[in-house]
Amino acid sequence: MMNLLRRAVLSSSKRSELIRIVTVATATSGIVYANCNPDARTRISLAIPESVRESLSLPWQISHGLIHRPDQSLFGNLAFSSRVSPKSETPANDEKGASDSSKPSNGYLGRDTIANAAATIGPAVVNLSVPQGFFGISMGKSIGSGTIIDADGTILTCAHVVVDFQNIRQSSKRRVDVTLQDGRMFEGVVVNADLQSDIALVKIKSKTPLPTAKLGFSSKLRPGDWVIAVGCPLSLQNTVTAGIVSCVDRKSSDLGLGGTRREYLQTDCAINAGNYGGPLVNLEGEVIGVNIMKVLAADGLGFSVPIDSVSKIIQHFKKNGRVVRPWIGLKMIELNKMIIAQLKERDPMFPDVERGILVPTVIPGSPADRAGFKPGDVVVRFDGKPVETIKEIMEIIDDRIGKRMQVVVERSNKERTTLEVIPEEANPDM
């Protein structure tokens, strides 16, 4: 049976009420009765054929591909929802009171949700162009995207778009051509860049107000959330692509990337050359990531730096002029009950723990080596706080270079030891 939509407006001498009933059926049909009066509650009766009554025994079961939403009641092959407008609402036949289908209801995707998010972020997305050369010989241009995040003209982008990685220390103050969506053009300057995170800030000066983007929170994302990527792929300005979040914590080691441990957002949004540096945006039009790369040999594998990490990098730029990364010289593996059980099967003397971080390798001559760490140690407390993830240790250390920290480790034979480690600043070229 084809989808059926009926709208009925019931009125009385005292008020007008709107009842909307949506009935969806796949292979059967039902009859809906509704009545309403000013002094009684709205009553809805549903007559269902005998052939589908058995399915009513499990009213919460999803059948034949129907998706159950909290604002719906689901009965076997038949789903319906109803809503009565409150007294204060404008009647349905008034255009001003008509529902706005462009806005998502209860967190669901509306007809114009993606378009509205793109319209919100669009004016703040810019095209970046940097002339490339070698010993005075022009080698074309590096193109990319960026986002204006402050009314003072600060633009967030990728370092590899605006920086010469062969001579990164001389790339600050480098000139960048910036083009806004409204056609205005500026000459920007690279003020900060970080090689490890591939994040950079460019600054422009404008006598007229600049559009800005709002930063969201990447920690709120879940796999399956809708996102959009905005930028200028192949210099095609104002390009919008949509997709979902595939993974919220893709490790840099999973991608074969060396250096400091990092995490990325993985999406299936189309990202191409020219998109790099552009924003990854949620359905509210907030920046929740910076698009930095894609897998060339596959479709739908794009990666972004989470905006929560970017915000910390910006704070480092403001405080130190660079990103200060502590280093203690440990390789670490997060443990869970299943991994611990497997390790105990291999070695009955493995530390008796339920959670923690395993240390498989200690780098010779490192702060951890001098502190007395040994391969096989399991870190359970760091600076007085219980830890279960590497991320927690990194957050505790933060940028506390030269600060003494107490670390509790469990060893075989039920030995518990407290060590004192002093983090050093990591080599920025590592």
# chains A, B, ... in the order shown; residues from 1 in each chain; ligands from 1
>>> select_by_dssp(residues="stretch 142-385 of chain A", states="strand (DSSP E)", output="ChimeraX atom specification")
/A:142-148,154-158,175-179,185-194,199-203,226-231,239-251,263-267,279-281,287-294,302-306,326-327,330-335,356-362,378-382,385
>>> residues_around(residues="A:Met394", least_positions_apart="6", cutoff="12 Å", atoms="only C-alpha atoms", output="PyMOL selection string")
chain A and resi 260-262+309+325-328+330+332+382-383+387-388+400+423
>>> write_last_selection(atoms="all heavy atoms", output="short mmCIF file (atom, residue, chain, number, x, y, z; two decimals), in the first residue's frame")
data_model
loop_
_atom_site.label_atom_id
_atom_site.label_comp_id
_atom_site.auth_asym_id
_atom_site.auth_seq_id
_atom_site.Cartn_x
_atom_site.Cartn_y
_atom_site.Cartn_z
N THR A 260 54.47 11.91 16.71
CA THR A 260 53.64 11.94 17.90
C THR A 260 52.29 11.28 17.64
O THR A 260 51.70 11.44 16.57
CB THR A 260 53.43 13.40 18.35
OG1 THR A 260 54.70 14.01 18.52
CG2 THR A 260 52.67 13.45 19.67
N ARG A 261 51.77 10.57 18.63
CA ARG A 261 50.48 9.91 18.51
C ARG A 261 49.37 10.95 18.32
O ARG A 261 49.28 11.92 19.04
CB ARG A 261 50.21 9.09 19.78
CG ARG A 261 48.89 8.34 19.79
CD ARG A 261 48.73 7.62 21.12
NE ARG A 261 47.54 6.80 21.16
CZ ARG A 261 46.35 7.24 21.52
NH1 ARG A 261 46.20 8.52 21.84
NH2 ARG A 261 45.30 6.44 21.55
N ARG A 262 48.52 10.70 17.32
CA ARG A 262 47.42 11.62 17.03
C ARG A 262 46.16 10.84 16.72
O ARG A 262 46.23 9.66 16.36
CB ARG A 262 47.78 12.53 15.84
CG ARG A 262 49.04 13.33 16.04
CD ARG A 262 49.47 14.10 14.80
NE ARG A 262 49.76 13.29 13.65
CZ ARG A 262 50.85 12.55 13.48
NH1 ARG A 262 51.76 12.49 14.45
NH2 ARG A 262 51.06 11.88 12.37
N SER A 309 41.02 19.04 19.53
CA SER A 309 42.49 19.05 19.46
C SER A 309 43.00 20.36 18.87
O SER A 309 44.00 20.92 19.33
CB SER A 309 42.98 17.88 18.60
OG SER A 309 42.59 16.64 19.15
N ARG A 325 55.10 19.97 23.17
CA ARG A 325 54.70 18.58 23.40
C ARG A 325 55.68 17.92 24.37
O ARG A 325 56.88 17.86 24.11
CB ARG A 325 54.69 17.80 22.08
CG ARG A 325 53.57 18.23 21.15
CD ARG A 325 53.52 17.34 19.92
NE ARG A 325 52.35 17.67 19.11
CZ ARG A 325 52.33 18.61 18.18
NH1 ARG A 325 53.42 19.31 17.93
NH2 ARG A 325 51.23 18.85 17.49
N PRO A 326 55.15 17.39 25.47
CA PRO A 326 56.03 16.70 26.41
C PRO A 326 56.41 15.32 25.89
O PRO A 326 55.69 14.73 25.07
CB PRO A 326 55.16 16.59 27.66
CG PRO A 326 53.75 16.58 27.14
CD PRO A 326 53.76 17.45 25.93
N TRP A 327 57.54 14.81 26.37
CA TRP A 327 58.02 13.50 25.93
C TRP A 327 58.61 12.77 27.13
O TRP A 327 59.39 13.34 27.89
CB TRP A 327 59.09 13.69 24.86
CG TRP A 327 59.72 12.42 24.36
CD1 TRP A 327 59.11 11.44 23.64
CD2 TRP A 327 61.07 12.00 24.55
NE1 TRP A 327 59.99 10.43 23.35
CE2 TRP A 327 61.22 10.75 23.89
CE3 TRP A 327 62.18 12.56 25.19
CZ2 TRP A 327 62.42 10.04 23.88
CZ3 TRP A 327 63.39 11.86 25.16
CH2 TRP A 327 63.50 10.62 24.52
N ILE A 328 58.18 11.53 27.32
CA ILE A 328 58.74 10.73 28.41
C ILE A 328 59.43 9.47 27.89
O ILE A 328 60.17 8.83 28.63
CB ILE A 328 57.67 10.35 29.45
CG1 ILE A 328 56.51 9.59 28.80
CG2 ILE A 328 57.17 11.59 30.18
CD1 ILE A 328 55.46 9.13 29.82
N LEU A 330 58.02 6.50 26.25
CA LEU A 330 57.37 5.20 26.43
C LEU A 330 56.54 4.83 25.21
O LEU A 330 55.86 5.70 24.63
CB LEU A 330 56.44 5.22 27.65
CG LEU A 330 57.04 5.35 29.04
CD1 LEU A 330 55.93 5.42 30.08
CD2 LEU A 330 57.96 4.17 29.32
N MET A 332 53.22 2.71 24.48
CA MET A 332 52.14 2.32 25.38
C MET A 332 51.01 1.62 24.62
O MET A 332 50.72 1.94 23.46
CB MET A 332 51.60 3.53 26.13
CG MET A 332 52.63 4.20 27.05
SD MET A 332 51.98 5.63 27.95
CE MET A 332 52.02 6.89 26.66
N PHE A 382 48.71 7.93 37.35
CA PHE A 382 49.67 8.91 36.82
C PHE A 382 49.40 10.24 37.50
O PHE A 382 48.30 10.79 37.40
CB PHE A 382 49.53 9.05 35.31
CG PHE A 382 50.77 9.51 34.62
CD1 PHE A 382 51.59 8.61 33.94
CD2 PHE A 382 51.15 10.86 34.64
CE1 PHE A 382 52.74 9.04 33.30
CE2 PHE A 382 52.30 11.28 34.01
CZ PHE A 382 53.10 10.37 33.34
N ASP A 383 50.41 10.75 38.20
CA ASP A 383 50.30 12.00 38.94
C ASP A 383 49.10 11.98 39.89
O ASP A 383 48.34 12.95 40.00
CB ASP A 383 50.19 13.18 37.98
CG ASP A 383 50.54 14.51 38.64
OD1 ASP A 383 51.41 14.51 39.53
OD2 ASP A 383 49.93 15.54 38.29
N VAL A 387 44.41 5.88 35.65
CA VAL A 387 44.39 6.04 34.20
C VAL A 387 44.06 4.71 33.53
O VAL A 387 44.47 3.65 34.00
CB VAL A 387 45.74 6.59 33.67
CG1 VAL A 387 45.93 8.04 34.07
CG2 VAL A 387 46.91 5.74 34.15
N GLU A 388 43.33 4.80 32.43
CA GLU A 388 42.98 3.62 31.65
C GLU A 388 43.30 3.80 30.17
O GLU A 388 43.29 2.82 29.42
CB GLU A 388 41.49 3.30 31.81
CG GLU A 388 41.08 2.94 33.23
CD GLU A 388 39.61 2.59 33.33
OE1 GLU A 388 38.91 2.66 32.29
OE2 GLU A 388 39.15 2.26 34.44
N ARG A 400 53.31 20.35 30.81
CA ARG A 400 54.06 20.51 32.07
C ARG A 400 55.49 19.97 31.92
O ARG A 400 55.86 18.96 32.51
CB ARG A 400 53.30 19.82 33.20
CG ARG A 400 51.94 20.45 33.48
CD ARG A 400 51.00 19.49 34.20
NE ARG A 400 51.50 19.16 35.54
CZ ARG A 400 50.93 18.22 36.31
NH1 ARG A 400 49.88 17.54 35.87
NH2 ARG A 400 51.44 17.97 37.50
N PRO A 423 58.89 14.94 32.53
CA PRO A 423 58.75 15.07 31.07
C PRO A 423 59.68 16.14 30.50
O PRO A 423 59.93 17.17 31.12
CB PRO A 423 57.28 15.48 30.90
CG PRO A 423 56.61 15.06 32.16
CD PRO A 423 57.64 15.22 33.24
#
>>> residues_around(residues="stretch 364-371 of chain A", least_positions_apart="2", cutoff="7 Å", atoms="only C-alpha atoms", output="list in words")
Ile328, Gly329, Leu330, Val362, Phe373, Leu419, Glu420, Val421, Ile422 and Pro423 of chain A
>>> write_last_selection(atoms="N, CA and C atoms", output="short mmCIF file (atom, residue, chain, number, x, y, z; two decimals), in the first residue's frame")
data_model
loop_
_atom_site.label_atom_id
_atom_site.label_comp_id
_atom_site.auth_asym_id
_atom_site.auth_seq_id
_atom_site.Cartn_x
_atom_site.Cartn_y
_atom_site.Cartn_z
N ILE A 328 58.18 11.53 27.32
CA ILE A 328 58.74 10.73 28.41
C ILE A 328 59.43 9.47 27.89
N GLY A 329 59.19 9.10 26.62
CA GLY A 329 59.93 7.99 26.02
C GLY A 329 59.35 6.61 26.27
N LEU A 330 58.02 6.50 26.25
CA LEU A 330 57.37 5.20 26.43
C LEU A 330 56.54 4.83 25.21
N VAL A 362 60.63 0.78 26.39
CA VAL A 362 61.15 1.99 27.02
C VAL A 362 62.33 2.47 26.17
N PHE A 373 61.44 2.91 34.48
CA PHE A 373 60.41 2.10 33.82
C PHE A 373 61.07 0.88 33.17
N LEU A 419 57.15 5.33 40.60
CA LEU A 419 58.30 5.94 39.92
C LEU A 419 58.07 7.43 39.77
N GLU A 420 59.17 8.17 39.62
CA GLU A 420 59.08 9.61 39.43
C GLU A 420 59.69 9.98 38.08
N VAL A 421 58.87 10.57 37.21
CA VAL A 421 59.32 10.91 35.87
C VAL A 421 59.20 12.41 35.65
N ILE A 422 60.13 12.97 34.91
CA ILE A 422 60.13 14.41 34.60
C ILE A 422 60.05 14.56 33.08
N PRO A 423 58.89 14.94 32.53
CA PRO A 423 58.75 15.07 31.07
C PRO A 423 59.68 16.14 30.50
#
